[in-house]
Amino acid sequence: MQTISITTIPTANGERVYQAIVGDQQSIGKTAGEALDALTIQMGGQEVNGFFLLQSCQPDQFFSALQQQRLTELMSIWRTARDQENTISPEQQLELDNLIEAELYATAERSKAMLSRINS
């Protein structure tokens with residue numbers, strides 16, 4: 001079974017859209033369902049089965065607003081460098097890697113907390 005990731009991303013005009021990613025394929029939509037549908041089409045119409053959990057990307061006790069803001073800034077810097085076939089500084093890369101790891105840890109902790117609430 002393939003894992004499909006659906007996240008929200010900011011647009012240039014400050015709005016947020018949904019991005020669905022599986023492997024090297026990705027799609028964007030105004031809603032999570034729209035992004036998933038577009039990705040399914042790219043996957044050749046394969047049926048997508050599984051458990052879907054959508055969370056808002058709001059700051060919480062696991063990943064703060066300051067961390068989110070810095071991650072967004074660094075990702076923007078990284079994308080610009082990538083598009084220009086450059087790299088970011090080693091310090092920025094280390095900070096970005098640490099924030100990505102912290103976000104992943106926060107997602108796991110958030111999931112544990114949600115599962116605990118479901119089981120109680």
# chains A, B, ... in the order shown; residues from 1 in each chain; ligands from 1
call {"tool": "residues_around", "arguments": {"residues": "range 59-69 of chain A", "least_positions_apart": "4", "cutoff": "8 Å", "atoms": "only C-alpha atoms", "output": "list in words"}}
result
Glu73, Leu99, Ala102, Glu103, Ala106, Thr107, Glu109 and Arg110 of chain A
call {"tool": "write_last_selection", "arguments": {"atoms": "C-alpha atoms", "output": "mmCIF file, in the first residue's frame"}}
result
data_model
loop_
_atom_site.group_PDB
_atom_site.id
_atom_site.type_symbol
_atom_site.label_atom_id
_atom_site.label_comp_id
_atom_site.auth_asym_id
_atom_site.auth_seq_id
_atom_site.Cartn_x
_atom_site.Cartn_y
_atom_site.Cartn_z
ATOM 1 C CA GLU A 73 10.620 30.682 5.670
ATOM 2 C CA LEU A 99 12.536 21.555 11.995
ATOM 3 C CA ALA A 102 10.549 18.209 14.936
ATOM 4 C CA GLU A 103 7.451 18.426 12.755
ATOM 5 C CA ALA A 106 5.046 16.445 16.554
ATOM 6 C CA THR A 107 2.866 14.561 14.076
ATOM 7 C CA GLU A 109 2.904 12.775 19.248
ATOM 8 C CA ARG A 110 -0.299 14.375 17.978
#
call {"tool": "select_by_dssp", "arguments": {"residues": "chain A", "states": "strand (DSSP E)", "output": "number ranges by chain"}}
result
A: 5-10, 16-22, 25-29
call {"tool": "write_last_selection", "arguments": {"atoms": "all heavy atoms", "output": "tab-separated table (two decimals), in the first residue's frame"}}
result
chain	number	residue	atom	x	y	z
A	5	SER	N	0.32	11.60	1.17
A	5	SER	CA	0.40	12.71	2.12
A	5	SER	C	-0.40	13.88	1.56
A	5	SER	O	-0.24	14.24	0.40
A	5	SER	CB	1.86	13.10	2.30
A	5	SER	OG	1.97	14.27	3.06
A	6	ILE	N	-1.26	14.46	2.39
A	6	ILE	CA	-2.01	15.65	2.00
A	6	ILE	C	-1.71	16.73	3.02
A	6	ILE	O	-1.93	16.56	4.21
A	6	ILE	CB	-3.52	15.39	1.92
A	6	ILE	CG1	-3.82	14.27	0.91
A	6	ILE	CG2	-4.27	16.67	1.55
A	6	ILE	CD1	-5.28	13.87	0.83
A	7	THR	N	-1.17	17.84	2.53
A	7	THR	CA	-0.82	18.96	3.41
A	7	THR	C	-1.37	20.25	2.82
A	7	THR	O	-1.73	20.30	1.65
A	7	THR	CB	0.70	19.09	3.57
A	7	THR	OG1	1.28	19.29	2.27
A	7	THR	CG2	1.30	17.86	4.20
A	8	THR	N	-1.43	21.26	3.65
A	8	THR	CA	-1.80	22.58	3.13
A	8	THR	C	-0.52	23.36	2.86
A	8	THR	O	0.47	23.21	3.58
A	8	THR	CB	-2.69	23.37	4.12
A	8	THR	OG1	-1.98	23.53	5.33
A	8	THR	CG2	-4.00	22.67	4.35
A	9	ILE	N	-0.57	24.15	1.81
A	9	ILE	CA	0.58	25.00	1.48
A	9	ILE	C	0.06	26.40	1.15
A	9	ILE	O	-1.04	26.55	0.62
A	9	ILE	CB	1.41	24.43	0.30
A	9	ILE	CG1	0.55	24.22	-0.95
A	9	ILE	CG2	2.09	23.14	0.69
A	9	ILE	CD1	1.33	23.84	-2.18
A	10	PRO	N	0.84	27.42	1.49
A	10	PRO	CA	0.42	28.79	1.17
A	10	PRO	C	0.68	29.10	-0.30
A	10	PRO	O	1.62	28.61	-0.90
A	10	PRO	CB	1.29	29.65	2.08
A	10	PRO	CG	2.52	28.83	2.32
A	10	PRO	CD	2.08	27.39	2.26
A	16	ARG	N	-4.43	29.37	1.16
A	16	ARG	CA	-3.87	28.03	1.37
A	16	ARG	C	-4.59	27.06	0.44
A	16	ARG	O	-5.79	27.15	0.23
A	16	ARG	CB	-4.04	27.61	2.82
A	16	ARG	CG	-3.18	28.49	3.75
A	16	ARG	CD	-3.19	28.05	5.16
A	16	ARG	NE	-2.14	27.29	5.75
A	16	ARG	CZ	-0.83	27.39	5.59
A	16	ARG	NH1	-0.36	28.22	4.73
A	16	ARG	NH2	0.02	26.65	6.26
A	17	VAL	N	-3.81	26.15	-0.13
A	17	VAL	CA	-4.36	25.09	-0.97
A	17	VAL	C	-3.85	23.76	-0.43
A	17	VAL	O	-2.95	23.71	0.41
A	17	VAL	CB	-3.94	25.25	-2.46
A	17	VAL	CG1	-4.56	26.49	-3.06
A	17	VAL	CG2	-2.44	25.25	-2.62
A	18	TYR	N	-4.44	22.68	-0.90
A	18	TYR	CA	-4.04	21.35	-0.46
A	18	TYR	C	-3.15	20.71	-1.51
A	18	TYR	O	-3.42	20.81	-2.71
A	18	TYR	CB	-5.27	20.48	-0.22
A	18	TYR	CG	-6.06	20.91	0.99
A	18	TYR	CD1	-7.01	21.91	0.90
A	18	TYR	CD2	-5.83	20.32	2.22
A	18	TYR	CE1	-7.71	22.32	2.01
A	18	TYR	CE2	-6.53	20.73	3.34
A	18	TYR	CZ	-7.48	21.73	3.23
A	18	TYR	OH	-8.16	22.13	4.33
A	19	GLN	N	-2.10	20.03	-1.05
A	19	GLN	CA	-1.18	19.33	-1.94
A	19	GLN	C	-1.19	17.86	-1.53
A	19	GLN	O	-0.96	17.53	-0.37
A	19	GLN	CB	0.22	19.90	-1.82
A	19	GLN	CG	1.23	19.21	-2.71
A	19	GLN	CD	2.62	19.81	-2.56
A	19	GLN	OE1	3.05	20.11	-1.46
A	19	GLN	NE2	3.29	19.98	-3.67
A	20	ALA	N	-1.47	16.99	-2.50
A	20	ALA	CA	-1.43	15.55	-2.27
A	20	ALA	C	-0.18	15.01	-2.95
A	20	ALA	O	0.13	15.37	-4.09
A	20	ALA	CB	-2.67	14.89	-2.85
A	21	ILE	N	0.55	14.15	-2.25
A	21	ILE	CA	1.81	13.62	-2.77
A	21	ILE	C	1.87	12.11	-2.51
A	21	ILE	O	1.55	11.65	-1.42
A	21	ILE	CB	3.03	14.27	-2.08
A	21	ILE	CG1	3.02	15.78	-2.26
A	21	ILE	CG2	4.33	13.67	-2.59
A	21	ILE	CD1	4.05	16.51	-1.43
A	22	VAL	N	2.28	11.38	-3.54
A	22	VAL	CA	2.62	9.97	-3.39
A	22	VAL	C	3.80	9.71	-4.31
A	22	VAL	O	3.76	10.02	-5.50
A	22	VAL	CB	1.44	9.02	-3.70
A	22	VAL	CG1	0.97	9.15	-5.13
A	22	VAL	CG2	1.80	7.57	-3.39
A	25	GLN	N	4.76	11.78	-7.59
A	25	GLN	CA	3.58	12.43	-8.16
A	25	GLN	C	2.95	13.36	-7.12
A	25	GLN	O	2.95	13.07	-5.93
A	25	GLN	CB	2.55	11.39	-8.60
A	25	GLN	CG	3.07	10.47	-9.69
A	25	GLN	CD	2.08	9.38	-10.01
A	25	GLN	OE1	1.51	8.76	-9.13
A	25	GLN	NE2	1.88	9.15	-11.30
A	26	GLN	N	2.42	14.48	-7.61
A	26	GLN	CA	1.77	15.41	-6.70
A	26	GLN	C	0.67	16.16	-7.43
A	26	GLN	O	0.68	16.27	-8.65
A	26	GLN	CB	2.78	16.39	-6.11
A	26	GLN	CG	3.48	17.26	-7.12
A	26	GLN	CD	4.46	18.21	-6.45
A	26	GLN	OE1	4.15	18.78	-5.41
A	26	GLN	NE2	5.61	18.39	-7.06
A	27	SER	N	-0.28	16.66	-6.67
A	27	SER	CA	-1.36	17.46	-7.22
A	27	SER	C	-1.77	18.49	-6.20
A	27	SER	O	-1.49	18.36	-5.01
A	27	SER	CB	-2.55	16.58	-7.60
A	27	SER	OG	-3.08	15.99	-6.43
A	28	ILE	N	-2.44	19.53	-6.67
A	28	ILE	CA	-2.90	20.61	-5.80
A	28	ILE	C	-4.39	20.82	-6.05
A	28	ILE	O	-4.85	20.73	-7.20
A	28	ILE	CB	-2.10	21.90	-6.06
A	28	ILE	CG1	-0.65	21.66	-5.64
A	28	ILE	CG2	-2.70	23.09	-5.35
A	28	ILE	CD1	0.26	22.84	-5.72
A	29	GLY	N	-5.12	21.13	-4.99
A	29	GLY	CA	-6.54	21.41	-5.12
A	29	GLY	C	-7.00	22.40	-4.07
A	29	GLY	O	-6.30	22.64	-3.08
call {"tool": "atom_distance", "arguments": {"atom1": "CA of Tyr105 in chain A", "atom2": "CA of Thr3 in chain A"}}
result
17.6 Å
call {"tool": "select_by_dssp", "arguments": {"residues": "chain A", "states": "alpha helix (DSSP H)", "output": "VMD selection string"}}
result
chain A and resid 32 to 42 65 to 83 90 to 119
call {"tool": "atom_distance", "arguments": {"atom1": "CA of Thr87 in chain A", "atom2": "CA of Glu101 in chain A"}}
result
19.5 Å
call {"tool": "atom_distance", "arguments": {"atom1": "CA of Gln84 in chain A", "atom2": "CA of Leu39 in chain A"}}
result
26.8 Å
call {"tool": "closest_residue", "arguments": {"among": "A:Ala35, A:Met114, A:Ala12, A:Leu104", "to": "Ser76 in chain A", "atoms": "only C-alpha atoms"}}
result
A:Ala12
call {"tool": "closest_residue", "arguments": {"among": "A:Leu115, A:Ile88, A:Ala32, A:Ala108", "to": "Ile4 in chain A", "atoms": "only C-alpha atoms"}}
result
A:Ala32
call {"tool": "closest_residue", "arguments": {"among": "A:Met75, A:Met43, A:Ile118, A:Ala38", "to": "Glu95 in chain A", "atoms": "only C-alpha atoms"}}
result
A:Met75
call {"tool": "decode", "arguments": {"residues": "range 70-82 of chain A", "atoms": "N, CA and C atoms", "output": "compact mmCIF listing (two decimals), in the first residue's frame"}}
result
# COMPACT_ATOMS: atom_id res chain seq x y z
N ARG A 70 9.13 29.62 10.93
CA ARG A 70 10.52 29.44 10.50
C ARG A 70 10.63 28.34 9.46
N LEU A 71 9.86 27.27 9.62
CA LEU A 71 9.86 26.19 8.63
C LEU A 71 9.38 26.71 7.28
N THR A 72 8.34 27.52 7.29
CA THR A 72 7.84 28.11 6.05
C THR A 72 8.89 28.99 5.40
N GLU A 73 9.57 29.80 6.19
CA GLU A 73 10.62 30.68 5.67
C GLU A 73 11.75 29.87 5.04
N LEU A 74 12.22 28.86 5.78
CA LEU A 74 13.32 28.05 5.27
C LEU A 74 12.93 27.25 4.03
N MET A 75 11.71 26.76 4.00
CA MET A 75 11.26 26.02 2.81
C MET A 75 11.20 26.94 1.60
N SER A 76 10.81 28.18 1.80
CA SER A 76 10.79 29.15 0.71
C SER A 76 12.20 29.43 0.21
N ILE A 77 13.13 29.60 1.14
CA ILE A 77 14.53 29.82 0.77
C ILE A 77 15.07 28.59 0.03
N TRP A 78 14.75 27.40 0.53
CA TRP A 78 15.22 26.16 -0.08
C TRP A 78 14.66 26.01 -1.50
N ARG A 79 13.34 26.28 -1.67
CA ARG A 79 12.73 26.15 -3.00
C ARG A 79 13.35 27.14 -4.00
N THR A 80 13.59 28.36 -3.55
CA THR A 80 14.22 29.35 -4.43
C THR A 80 15.61 28.88 -4.85
N ALA A 81 16.38 28.39 -3.90
CA ALA A 81 17.72 27.89 -4.21
C ALA A 81 17.64 26.71 -5.17
N ARG A 82 16.73 25.79 -4.90
CA ARG A 82 16.56 24.62 -5.77
C ARG A 82 16.20 25.03 -7.18
